[in-house]
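**Q** This is the structure I have questions about; it appears just below.
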Amino acid sequence: MPLENAVLTTDNCRYCLMCRHVCPVGHVTRLETLTPHGWGLLISSKQRGLIDWTDSAVDKLYTCADCGTCQSHCVTDQPLPSAIAEARAEVAELGLAPANLYSLNEAISRWGNPYAESEPDAVTGTGEVALFVGDDARYLWPDGLKAALTLLRAVGMDPVLIGAGRNSGYLPSSLGFPETARRLARANLDDLQASQATTLLTLNPGDTYAFRKLYSERLGIDFPANVAIKEVTTLLAEHLGAGTLTLRRAGGGPPHAYVDPAHTVRVADRDAAPRQLLAAVMPAPAVELFWRRERSHPAGSTSLRFANPMIAEHLTYARLGDARESGAQLLFCEDAGTLSALSSKAPRFGLTIRGLYELLAEQLV
């Protein structure tokens, strides 16, 4: 999506309030400038020559969480998040982005991830099914990956691991470094080709979104048409329904809830599967959070954790506060980034965080 087309999006969004009420950053900051139409007006004003990219303007540009909530609630499907990413790319090219993001981009360019000076694992073997590991699952919550593999093997799958330790490309794309994102995307697709897989499994909706939409919409890279993309939770729910996955009930416990991961709103019809799996093993029904399913809000696990850690932290507080108000004491999620963000602040709220994949693996029959 070239910048000139992004300008058209910001022209449409700058005075529209259709999605303002669902923006997570707007909710936690209560600042009108930090809402979708505020960002639209900011970018549109710059393109009209009405403002410059001052430190203050750049700071506001980098407060969007790039969670997709605005676009998912737009009747005309305006791609404002992609427009913001394009504006950030312009700012980064001018050398005006936050200083820490340039060193972050260098690290991602060198290592494929922002967490460790370690290169992604090479693909070993071939097969019909591949699993994209990514960087969050590798470095932030590795127990979830181990449990997911146990579950997949229980239904007769031993997937080829690809992208193990490499970001999907979402992070640099969101922060304004599209060339880095393209290199990561091509490397991931090279891994996929090497695996010879015809089905690609993902561990979370963020990676699903990257492969299904971000590559083509932001990076101009086509995903192979002959490869199907499916989330692990969706696959496991299908096996549960078919009787090829058997789970036993867990013992009693405190009230629990499922937390929809970041980017849930960007992947249609994926929110039922993890709830079905959770209901199959928990002894009592889950309580539902207010910000859930099609109106789910992210914890501080998107690109915002690097662009503006303070606001990202408040998004995490907001998700934990939502859970506490619902009466839940135990929270489940399958996404490594969301789990990492929630667990870092959960003790302040008296809440316990657990990985959904780990729970399911423990209850395998």
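Going by the structure tokens order, chains are called A, B, ..., each with residues numbered from 1, while ligands are numbered from 1 in the order shown.
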Would you mind listing what lies within 12 Å of Gly156 of chain A as a PDB file with N, CA and C atoms, in the first residue's frame, with only C-alpha atoms counted and same-chain residues fewer than 4 positions away left out?

**A**
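Contents of the output file result21.pdb:
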ATOM      1  N   VAL A 129       2.877 -30.838   6.471  1.00  0.00           N
ATOM      2  CA  VAL A 129       2.441 -29.814   7.427  1.00  0.00           C
ATOM      3  C   VAL A 129       3.661 -29.133   8.037  1.00  0.00           C
ATOM      4  N   LEU A 149       3.266 -28.818  20.333  1.00  0.00           N
ATOM      5  CA  LEU A 149       3.809 -29.942  19.584  1.00  0.00           C
ATOM      6  C   LEU A 149       3.322 -31.267  20.146  1.00  0.00           C
ATOM      7  N   THR A 150       3.201 -31.347  21.474  1.00  0.00           N
ATOM      8  CA  THR A 150       2.662 -32.563  22.093  1.00  0.00           C
ATOM      9  C   THR A 150       1.240 -32.814  21.626  1.00  0.00           C
ATOM     10  N   LEU A 151       0.442 -31.768  21.574  1.00  0.00           N
ATOM     11  CA  LEU A 151      -0.948 -31.893  21.136  1.00  0.00           C
ATOM     12  C   LEU A 151      -1.042 -32.283  19.666  1.00  0.00           C
ATOM     13  N   LEU A 152      -0.200 -31.703  18.842  1.00  0.00           N
ATOM     14  CA  LEU A 152      -0.226 -32.032  17.418  1.00  0.00           C
ATOM     15  C   LEU A 152       0.179 -33.484  17.186  1.00  0.00           C
ATOM     16  N   LEU A 235      -7.443 -26.266  14.424  1.00  0.00           N
ATOM     17  CA  LEU A 235      -7.188 -27.671  14.079  1.00  0.00           C
ATOM     18  C   LEU A 235      -7.541 -28.590  15.232  1.00  0.00           C
ATOM     19  N   LEU A 236      -7.121 -28.229  16.451  1.00  0.00           N
ATOM     20  CA  LEU A 236      -7.403 -29.077  17.607  1.00  0.00           C
ATOM     21  C   LEU A 236      -8.892 -29.146  17.898  1.00  0.00           C
ATOM     22  N   HIS A 239     -10.416 -31.673  15.612  1.00  0.00           N
ATOM     23  CA  HIS A 239     -10.140 -33.044  16.064  1.00  0.00           C
ATOM     24  C   HIS A 239     -10.957 -33.390  17.299  1.00  0.00           C
ATOM     25  N   THR A 244     -11.093 -37.454  17.478  1.00  0.00           N
ATOM     26  CA  THR A 244      -9.702 -37.893  17.309  1.00  0.00           C
ATOM     27  C   THR A 244      -8.752 -37.186  18.273  1.00  0.00           C
ATOM     28  N   LEU A 245      -9.297 -36.348  19.113  1.00  0.00           N
ATOM     29  CA  LEU A 245      -8.562 -35.747  20.225  1.00  0.00           C
ATOM     30  C   LEU A 245      -9.411 -35.924  21.473  1.00  0.00           C
TER      31      LEU A 245
END

**Q** Could you state the separation of atom CA of Glu217 of chain A and atom CA of Gly165 of chain A in Å, given to one decimal place?

**A**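 Distance reported for this atom pair: 23.8 Å.
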
**Q** For a quick check of understanding, using only C-alpha atoms, which of A:Arg248, A:Lys46, A:Arg270, A:Arg305 has the smallest distance to Glu90 of chain A?

**A**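 Looking only at the distances to Glu90 of chain A, the closest residue turns out to be A:Lys46.
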
**Q** Under the rule that only C-alpha atoms are counted, which of A:Leu304, A:Leu240, A:Met18, A:Ile51 is the nearest residue to Pro36 of chain A?

**A** A:Met18

**Q** From a DSSP pass on the backbone, collect the residues of segment 221-363 of chain A flagged as alpha helix (DSSP H) and hand them back as a ChimeraX atom specification.

**A** /A:232-242,272-281,304-307,309-326,336-349,356-362

**Q** Just the strand (DSSP E or B) stuff from segment 65-204 of chain A, please, per backbone DSSP, written as a ChimeraX atom specification.

**A** /A:129-134,160-164,199-202

**Q** Hey, can you check how far atom CA of Gly40 of chain A sits from atom CA of Asn100 of chain A?

**A** 24.5 Å

**Q** Tell me which of A:Thr338, A:Arg292, A:Leu277, A:Asp11 sits closest to Gly241 of chain A, counting only C-alpha atoms.

**A**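 Closest residue, counting only C-alpha atoms: A:Leu277.
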